[in-house]
Structure formats: structure tokens, C-alpha cells
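Presented below is the structure to which this report refers.
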Amino acid sequence: MDKDYIGWGNYLAPLVMGSDLAPIGPSMNDSDALVHHLLTSFCSTDVTYSKPFAIATFFSDYRTLLPKITHPCLLLQSSNDALVKVSVGEYTQQHLSNATLEIIEAKGHCLHMTHPIHVLNHIQSFLAQH
């Protein structure tokens, strides 16, 4: 990220979206459009703000706080996420006293972007139960 911010974005965007990036252009599909949207977002964010966010995201560890959380929690996990393995969702569920883990058959990290209807359905179902 420090050496090549644009290169970092080009690497991370397809990984986050769970896409094999095809060339951006007339043949761009929906998945490629989402990757392009995320990459544009990465590249338009001032590194002054994105770097501390990335450090907090990738290097913070608050697992010790999980047992203190008692309110109902919904965990949505992609079945194939290069950034967060299913075992992370399972660990989180096991250490929260009142958590529901839903695995969504999908590839990528941003389910709200790639599978918004699935996310909405799971949230609505969870809220109806609680």
C-alpha cells in the first residue's frame, strides 16, 4: 500500500469482490463492474484516511471483547471469501453468547454488494425473530 497505492487497489478490489478481473471495457460483466466500482472508490480515497483505516482493519484484534457482547448478533459469512475464512465466522459465533451465523453460498467479501437480496432476506428474517 505504501509503495504502490494504485497497485494495491488493483490487487485488493478483485480479491474483495471474489472476481477474476477481466479487462474493463465494453465486455465488462456485472462482477467486473463491481470490481471497477470498488477500485474507483479505493483510488479516490485520500491515502491519509485509507491507510489508518487499513491498519485498523487488518491489524486490530478485539477477540477478547466477544464474550462481553450479549445482545443478538447476526453474522453473515460468504462461503468463499479470500479475506475472511468461514472458520472466522464460526469462531466469532462460538464466542458471542447470542449469535446467529448464516453462511451465504457466494464468492467474495462484500456480500452487500454482490448478493444484496440474500443479505436483505437474512437481515429481515433475523429481525423478525428478535
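Identifiers in this document derive from the order of the C-alpha cells: chains are assigned A, B, ..., residues are numbered from 1 separately in each chain, and ligands are numbered from 1 in order of occurrence.
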Q. Got a sec: who's within 9 Å of Ser78 (chain A), counting only C-alpha atoms, leaving out chain neighbours fewer than 4 positions off, as JSON, numbers by chain?
A. {"A": [84, 85, 86, 102, 103, 104, 105, 106, 107, 108, 109, 110, 111]}
Q | Close residues, region 64-66 of chain A itself excluded, 9 Å, only C-alpha atoms, min 5 positions apart in chain, as a list in words | A |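 With the cut-off at 9 Å, the set is Thr92, His95, Leu96 and Ser97 of chain A.
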Q.
When you count only C-alpha atoms, which of these residues is closest to Leu15 (chain A): A:Gln129, A:Glu90, A:Leu83, A:Val119?
A. A:Leu83
Q: Rank nothing, just name the residue among A:Ile55, A:Leu76, A:Gln93, A:Asp81 nearest to Leu120 (chain A), using only C-alpha atoms.
A: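 Once distances to Leu120 (chain A) are computed over only C-alpha atoms, the minimum belongs to A:Leu76.
Counting only C-alpha atoms and comparing A:Ser79, A:Val16, A:His122, A:Leu74, the residue that lies closest to Leu101 (chain A) is A:Leu74.
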Q: May I ask which of the residues A:Ile117, A:Gly7, A:Ala128, A:Asn98 is the closest one to Thr70 (chain A), counting only C-alpha atoms?
A: A:Asn98
Q.
Please compute the CA of Gln124 (chain A)-CA of His112 (chain A) distance, one decimal, in Å.
A. 13.7 Å
Q. For Ala54 (chain A), which residue out of A:Ile69, A:Ser125, A:Pro116, A:Asp2 is the nearest one, using only C-alpha atoms?
A.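 Counting only C-alpha atoms, the residue closest to Ala54 (chain A) is A:Asp2.
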Q: Record the distance separating CA of Ser19 (chain A) and CA of Ser60 (chain A), expressed in Å with one decimal.
A: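 CA of Ser60 (chain A) lies at a distance of 26.3 Å from CA of Ser19 (chain A).
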Q: Have a look at CA of His130 (chain A) and CA of His115 (chain A) and let me know their distance in Å, one decimal.
A: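 Between CA of His130 (chain A) and CA of His115 (chain A) the gap is 22.9 Å.
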